[in-house]
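So this block is structure_16.tsv, TSV, C-alpha atoms and all ligand atoms:
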```
chain	number	residue	atom	x	y	z
I	3	MET	CA	8.00	-6.79	-24.35
I	4	GLY	CA	6.36	-9.29	-21.97
I	5	SER	CA	5.40	-8.21	-18.46
I	6	ALA	CA	8.27	-10.16	-16.84
I	7	ASN	CA	10.75	-8.40	-19.14
I	8	ILE	CA	9.17	-5.02	-18.43
I	9	LYS	CA	9.48	-5.67	-14.70
I	10	ALA	CA	13.12	-6.73	-15.08
I	11	ALA	CA	13.92	-3.65	-17.22
I	12	TRP	CA	12.19	-1.39	-14.67
I	13	GLU	CA	14.23	-2.89	-11.83
I	14	VAL	CA	17.45	-2.26	-13.75
I	15	LEU	CA	16.30	1.32	-14.38
I	16	ARG	CA	15.53	1.88	-10.70
I	17	GLU	CA	18.91	0.49	-9.71
I	18	GLU	CA	20.68	2.75	-12.22
I	19	ALA	CA	18.74	5.77	-10.95
I	20	ALA	CA	19.88	4.96	-7.40
I	21	HIS	CA	23.42	5.86	-8.53
I	22	CYS	CA	22.53	8.77	-10.80
I	23	THR	CA	24.94	11.72	-10.96
I	24	ARG	CA	23.36	13.49	-13.96
I	25	CYS	CA	22.97	16.69	-11.90
I	26	ASP	CA	24.33	17.85	-8.52
I	27	LEU	CA	21.24	17.11	-6.43
I	28	TYR	CA	22.42	13.61	-5.54
I	29	LYS	CA	25.22	15.16	-3.45
I	30	TYR	CA	22.89	16.59	-0.80
I	31	ALA	CA	19.82	14.33	-0.69
I	32	THR	CA	19.58	11.05	1.24
I	33	GLN	CA	18.65	8.88	-1.73
I	34	THR	CA	17.01	8.72	-5.15
I	35	VAL	CA	13.24	8.46	-4.81
I	36	PHE	CA	12.14	6.44	-7.82
I	37	GLY	CA	8.58	5.95	-9.03
I	38	GLU	CA	6.35	3.16	-7.73
I	39	GLY	CA	3.16	1.42	-8.68
I	40	PRO	CA	1.97	-1.22	-11.13
I	41	LEU	CA	3.78	-1.29	-14.47
I	42	LYS	CA	0.39	-1.76	-16.15
I	43	ALA	CA	-0.94	1.44	-14.61
I	44	ASP	CA	-3.93	3.19	-16.17
I	45	ILE	CA	-2.62	6.57	-15.08
I	46	LEU	CA	0.94	7.74	-14.44
I	47	PHE	CA	1.16	10.76	-12.12
I	48	VAL	CA	4.25	12.96	-12.14
I	49	GLY	CA	4.91	15.28	-9.20
I	50	GLU	CA	7.69	17.82	-8.77
I	51	GLN	CA	10.30	16.25	-6.50
I	52	PRO	CA	10.47	14.27	-3.25
I	53	GLY	CA	9.85	16.20	-0.04
I	54	ASP	CA	11.55	15.77	3.31
I	55	GLN	CA	9.67	12.58	4.26
I	56	GLU	CA	9.99	11.08	0.80
I	57	ASP	CA	13.74	11.71	0.89
I	58	LEU	CA	14.03	9.89	4.23
I	59	THR	CA	11.76	6.94	3.36
I	60	GLY	CA	12.76	6.60	-0.29
I	61	ARG	CA	9.12	6.51	-1.40
I	62	PRO	CA	7.17	9.08	-3.44
I	63	PHE	CA	4.04	10.86	-2.17
I	64	VAL	CA	4.15	9.73	1.47
I	65	GLY	CA	4.38	13.18	3.14
I	66	PRO	CA	1.58	15.69	3.81
I	67	ALA	CA	1.01	16.44	0.10
I	68	GLY	CA	0.93	12.70	-0.62
I	69	GLN	CA	-1.72	12.15	2.04
I	70	LEU	CA	-3.81	14.94	0.59
I	71	PHE	CA	-3.29	13.40	-2.87
I	72	ASP	CA	-4.49	9.99	-1.65
I	73	ALA	CA	-7.67	11.52	-0.20
I	74	ALA	CA	-8.34	13.45	-3.44
I	75	LEU	CA	-7.83	10.31	-5.56
I	76	ASP	CA	-10.24	8.46	-3.32
I	77	GLU	CA	-12.84	11.21	-3.64
I	78	ALA	CA	-12.42	11.28	-7.42
I	79	GLY	CA	-12.95	7.51	-7.62
I	80	ILE	CA	-9.41	6.70	-8.77
I	81	ASP	CA	-7.95	3.50	-7.39
I	82	ARG	CA	-4.40	4.40	-6.29
I	83	SER	CA	-3.33	0.77	-6.67
I	84	ARG	CA	-3.90	1.17	-10.44
I	85	THR	CA	-1.71	4.25	-10.69
I	86	TYR	CA	2.03	4.75	-10.94
I	87	VAL	CA	3.46	7.77	-9.13
I	88	THR	CA	6.81	9.38	-9.74
I	89	ASN	CA	8.51	12.78	-9.77
I	90	ALA	CA	10.01	15.03	-12.43
I	91	VAL	CA	13.14	15.34	-10.26
I	92	LYS	CA	14.13	12.34	-8.18
I	93	HIS	CA	16.34	13.89	-5.53
I	94	PHE	CA	15.11	16.27	-2.82
I	95	LYS	CA	16.35	19.83	-3.37
I	96	PHE	CA	16.32	21.90	-0.21
I	97	LEU	CA	17.78	24.81	1.72
I	98	GLN	CA	19.11	23.95	5.17
I	99	ARG	CA	17.75	26.33	7.83
I	100	GLY	CA	19.01	25.15	11.18
I	101	LYS	CA	17.60	21.65	11.60
I	102	ARG	CA	14.90	22.22	9.00
I	103	ARG	CA	15.23	21.42	5.31
I	104	LEU	CA	13.11	23.80	3.27
I	105	HIS	CA	11.84	22.77	-0.16
I	106	SER	CA	13.66	24.51	-3.02
I	107	LYS	CA	12.31	24.50	-6.56
I	108	PRO	CA	14.38	22.55	-9.10
I	109	ASP	CA	15.80	24.63	-11.95
I	110	GLY	CA	15.57	24.04	-15.70
I	111	GLY	CA	18.90	22.20	-15.87
I	112	GLU	CA	17.91	19.79	-13.09
I	113	ILE	CA	14.51	19.16	-14.67
I	114	ALA	CA	16.12	18.51	-18.06
I	115	ALA	CA	18.75	16.19	-16.56
I	116	CYS	CA	16.18	14.15	-14.66
I	117	ARG	CA	13.85	13.88	-17.64
I	118	TRP	CA	16.02	10.95	-18.70
I	119	TRP	CA	14.37	8.81	-16.00
I	120	ILE	CA	10.79	9.94	-16.66
I	121	ASP	CA	11.20	9.20	-20.35
I	122	HIS	CA	12.39	5.67	-19.55
I	123	GLU	CA	9.66	5.06	-16.99
I	124	ARG	CA	7.00	6.14	-19.50
I	125	GLU	CA	8.62	4.10	-22.25
I	126	LEU	CA	8.31	0.93	-20.15
I	127	ILE	CA	4.88	1.61	-18.64
I	128	ARG	CA	3.25	3.23	-21.69
I	129	PRO	CA	0.42	4.68	-19.63
I	130	PRO	CA	-2.77	5.61	-21.51
I	131	VAL	CA	-2.79	8.86	-19.55
I	132	THR	CA	0.10	10.76	-17.95
I	133	VAL	CA	-0.74	13.54	-15.49
I	134	ALA	CA	1.55	16.44	-14.65
I	135	LEU	CA	0.93	17.59	-11.07
I	136	GLY	CA	2.13	21.18	-11.11
I	137	ALA	CA	4.25	23.37	-13.34
I	138	THR	CA	7.56	21.56	-12.84
I	139	ALA	CA	6.09	18.24	-13.95
I	140	ALA	CA	4.37	19.94	-16.89
I	141	ARG	CA	7.66	21.56	-17.91
I	142	SER	CA	9.41	18.21	-17.76
I	143	LEU	CA	6.78	16.34	-19.77
I	144	ILE	CA	5.96	19.03	-22.31
I	145	GLY	CA	9.55	20.21	-22.66
I	146	LYS	CA	8.90	23.91	-22.12
I	147	VAL	CA	7.62	26.31	-19.48
I	148	VAL	CA	3.80	26.32	-19.38
I	149	THR	CA	1.21	27.74	-17.00
I	150	ILE	CA	-1.28	25.56	-15.15
I	151	SER	CA	-4.13	27.94	-16.05
I	152	GLY	CA	-3.29	27.69	-19.76
I	153	THR	CA	-3.02	23.91	-19.88
I	154	ARG	CA	-5.32	22.32	-17.29
I	155	GLY	CA	-8.61	20.60	-18.13
I	156	LYS	CA	-7.80	19.31	-21.61
I	157	PRO	CA	-5.70	16.52	-23.14
I	158	LEU	CA	-2.32	17.46	-24.62
I	159	MET	CA	-0.23	15.32	-26.92
I	160	LEU	CA	3.35	14.63	-25.87
I	161	ALA	CA	6.26	14.31	-28.30
I	162	ASP	CA	6.03	10.49	-28.15
I	163	GLY	CA	2.29	10.52	-28.96
I	164	GLY	CA	1.21	9.89	-25.35
I	165	GLU	CA	-1.64	11.82	-23.78
I	166	CYS	CA	-0.93	14.25	-20.97
I	167	TRP	CA	-3.18	16.19	-18.59
I	168	VAL	CA	-2.04	19.02	-16.38
I	169	THR	CA	-3.38	19.99	-12.98
I	170	ILE	CA	-2.06	21.48	-9.76
I	171	HIS	CA	0.39	19.83	-7.40
I	172	PRO	CA	-1.43	18.89	-4.17
I	173	SER	CA	1.14	20.86	-2.13
I	174	PHE	CA	-0.42	24.01	-3.64
I	175	LEU	CA	-3.52	23.30	-1.54
I	176	LEU	CA	-1.42	23.09	1.62
I	177	ARG	CA	-0.12	26.61	1.02
I	178	ILE	CA	-3.56	28.28	0.72
I	179	ARG	CA	-4.33	30.06	3.98
I	180	GLU	CA	-7.99	30.97	3.51
I	181	GLU	CA	-10.28	28.03	4.23
I	182	ALA	CA	-12.85	29.04	1.58
I	183	ASP	CA	-10.17	29.42	-1.12
I	184	ARG	CA	-8.67	26.09	-0.15
I	185	ARG	CA	-12.06	24.39	-0.47
I	186	THR	CA	-12.63	25.95	-3.90
I	187	GLU	CA	-9.22	24.89	-5.21
I	188	ARG	CA	-9.57	21.42	-3.74
I	189	LYS	CA	-12.88	20.97	-5.56
I	190	ARG	CA	-11.28	22.13	-8.83
I	191	PHE	CA	-8.49	19.60	-8.29
I	192	ILE	CA	-10.95	16.78	-7.68
I	193	ASP	CA	-12.96	17.82	-10.74
I	194	ASP	CA	-9.73	17.61	-12.79
I	195	LEU	CA	-9.08	14.15	-11.36
I	196	LYS	CA	-12.60	13.01	-12.24
I	197	ARG	CA	-12.10	14.16	-15.86
I	198	ILE	CA	-8.80	12.27	-15.93
I	199	ARG	CA	-10.49	9.15	-14.46
I	200	ASP	CA	-13.21	9.28	-17.14
I	201	ARG	CA	-10.63	9.71	-19.88
I	202	ALA	CA	-8.48	6.81	-18.63
I	203	GLU	CA	-11.56	4.58	-18.42
I	204	LYS	CA	-12.56	5.53	-21.95
I	205	LEU	CA	-9.09	4.79	-23.34
I	206	ALA	CA	-8.99	1.46	-21.49
I	207	ALA	CA	-12.43	0.36	-22.82
Y	301	LIG	S1	17.82	14.74	-9.53
Y	301	LIG	FE1	17.57	13.27	-11.18
Y	301	LIG	S2	19.17	13.78	-12.67
Y	301	LIG	FE2	19.72	14.78	-10.74
Y	301	LIG	S3	21.06	13.30	-9.74
Y	301	LIG	FE3	18.98	12.92	-8.99
Y	301	LIG	S4	18.15	11.28	-10.29
Y	301	LIG	FE4	19.96	12.18	-11.32
```
Rewrite the coordinates I just gave you, this time as structure tokens.
Amino acid sequence: MGSANIKAAWEVLREEAAHCTRCDLYKYATQTVFGEGPLKADILFVGEQPGDQEDLTGRPFVGPAGQLFDAALDEAGIDRSRTYVTNAVKHFKFLQRGKRRLHSKPDGGEIAACRWWIDHERELIRPPVTVALGATAARSLIGKVVTISGTRGKPLMLADGGECWVTIHPSFLLRIREEADRRTERKRFIDDLKRIRDRAEKLAA
């Protein structure tokens, strides 16, 4: 498929996702937050789900975790403009507590329902490397529950033959209270990203 056709097919996909009712999450969130980035991306990153700010703006990775992600990419030498970012689940799932909306983890049924969109995004983009940020994304891509500790740091083959790497979700770093622990985990995250960068460069060469 030529790049103009890929772009047109992606736009149709995004428009269809905007009206998705495959699970109940669309009933409560503001809007579908579809993936964004170049359709010739070297790396496709998959997060868990949109957060409060993403839900309001309609764009992935723009809240606090997204800002931390941008800084980590920069430090790892990955050009964000060459990456495509999306989420395993495309509607914000939350618990209302007064005026606050608290993040709520998507369940297996919601992850499975929303996998439809990830599969189609990957089919169009065909990224050399797909990265699962966190356990929800890994579950979506790999198709079963896996642990980060058991899967990070090495390439895994997906059912369609694509290559997948697993690392933490940047929001994990925001939840670590101890400064020293946060620094250690942040370094591990950046080391993972550097390995992923090297691998993507090798596959592109
Ligand atoms: S979360 Fe995914 S599957 Fe569920 S309604 Fe939203 S786009 Fe559809």
Please put the answer as AutoDock Vina command-line options: centre and edge lengths, in Å with one decimal, of a box along x, y and z that encloses all listed atoms of ligand LIG 301 (chain Y) plus 4 Å on each side.
```
--center_x 19.3 --center_y 13.0 --center_z -10.8 --size_x 11.5 --size_y 11.5 --size_z 11.7
```
| query | Within 10 Å of ligand LIG 301 (chain Y), counting all atoms listed in the file: which residues, as a PyMOL selection string? | reply | chain I and resi 16+18-31+33-36+51-52+89-95+108+111-120
| field | Residue nearest Leu70 of chain I among I:Leu176, I:His105, I:Lys204, I:Lys189 (counting only C-alpha atoms) | value | I:Leu176
| message | Residues near Asp193 of chain I, anyone? I mean within 12 Å using all atoms listed in the file, not counting same-chain ones fewer than 2 positions away, as a PyMOL selection string. | response | chain I and resi 74-75+77-80+154-155+169-170+186-191+195-200
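Here atom CA of Phe174 of chain I is placed at a distance of 11.0 Å from atom CA of Phe71 of chain I.
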| At what distance in Å, to one decimal, does atom CA of Glu50 of chain I lie from atom CA of Ala139 of chain I? |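 A separation of 5.4 Å between them.
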| request: Kindly give the distance, in Å, that separates atom CA of Pro130 of chain I and atom CA of Ala206 of chain I, rounded to a single decimal. | output: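 Going from atom CA of Pro130 of chain I over to atom CA of Ala206 of chain I, I get 7.5 Å.
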| All residues 7 Å or closer to Leu46 of chain I, all atoms listed in the file, same chain fewer than 6 positions away omitted, as JSON, numbers by chain | {"I": [85, 86, 87, 129, 131, 132, 133]}
| field | Radius query 12 Å about (16.9, 21.6, 3.9), atoms used: all atoms listed in the file, as an NGL selection string | value | :I and (30-32 or 53-55 or 57 or 94-107)
| I:Leu58, I:Ile8, I:Val147, I:Ala43: which is nearest Ala202 of chain I, counting only C-alpha atoms? |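 Checking each candidate against Ala202 of chain I, we get I:Ala43 as the closest.
Among I:Asp194, I:Asp183, I:Thr88, I:Gly39, the residue with the shortest atom-to-atom distance to Glu56 of chain I, counting only C-alpha atoms, is I:Thr88.
Of the listed residues I:Gly145, I:Phe47, I:Phe63, I:Glu38, the one whose atoms come nearest to Ser173 of chain I is I:Phe63, with distances taken using only C-alpha atoms.
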| Between I:Pro172, I:Gly164, I:Gly37, I:Gly4, which is the closest to Gly65 of chain I once you count only C-alpha atoms? | I:Pro172
| query | Which one is closest to Ser142 of chain I: I:Ala73, I:Leu160, I:Ala11, I:Ile127? Count all atoms listed in the file. | reply |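 Nearest to Ser142 of chain I: I:Leu160.
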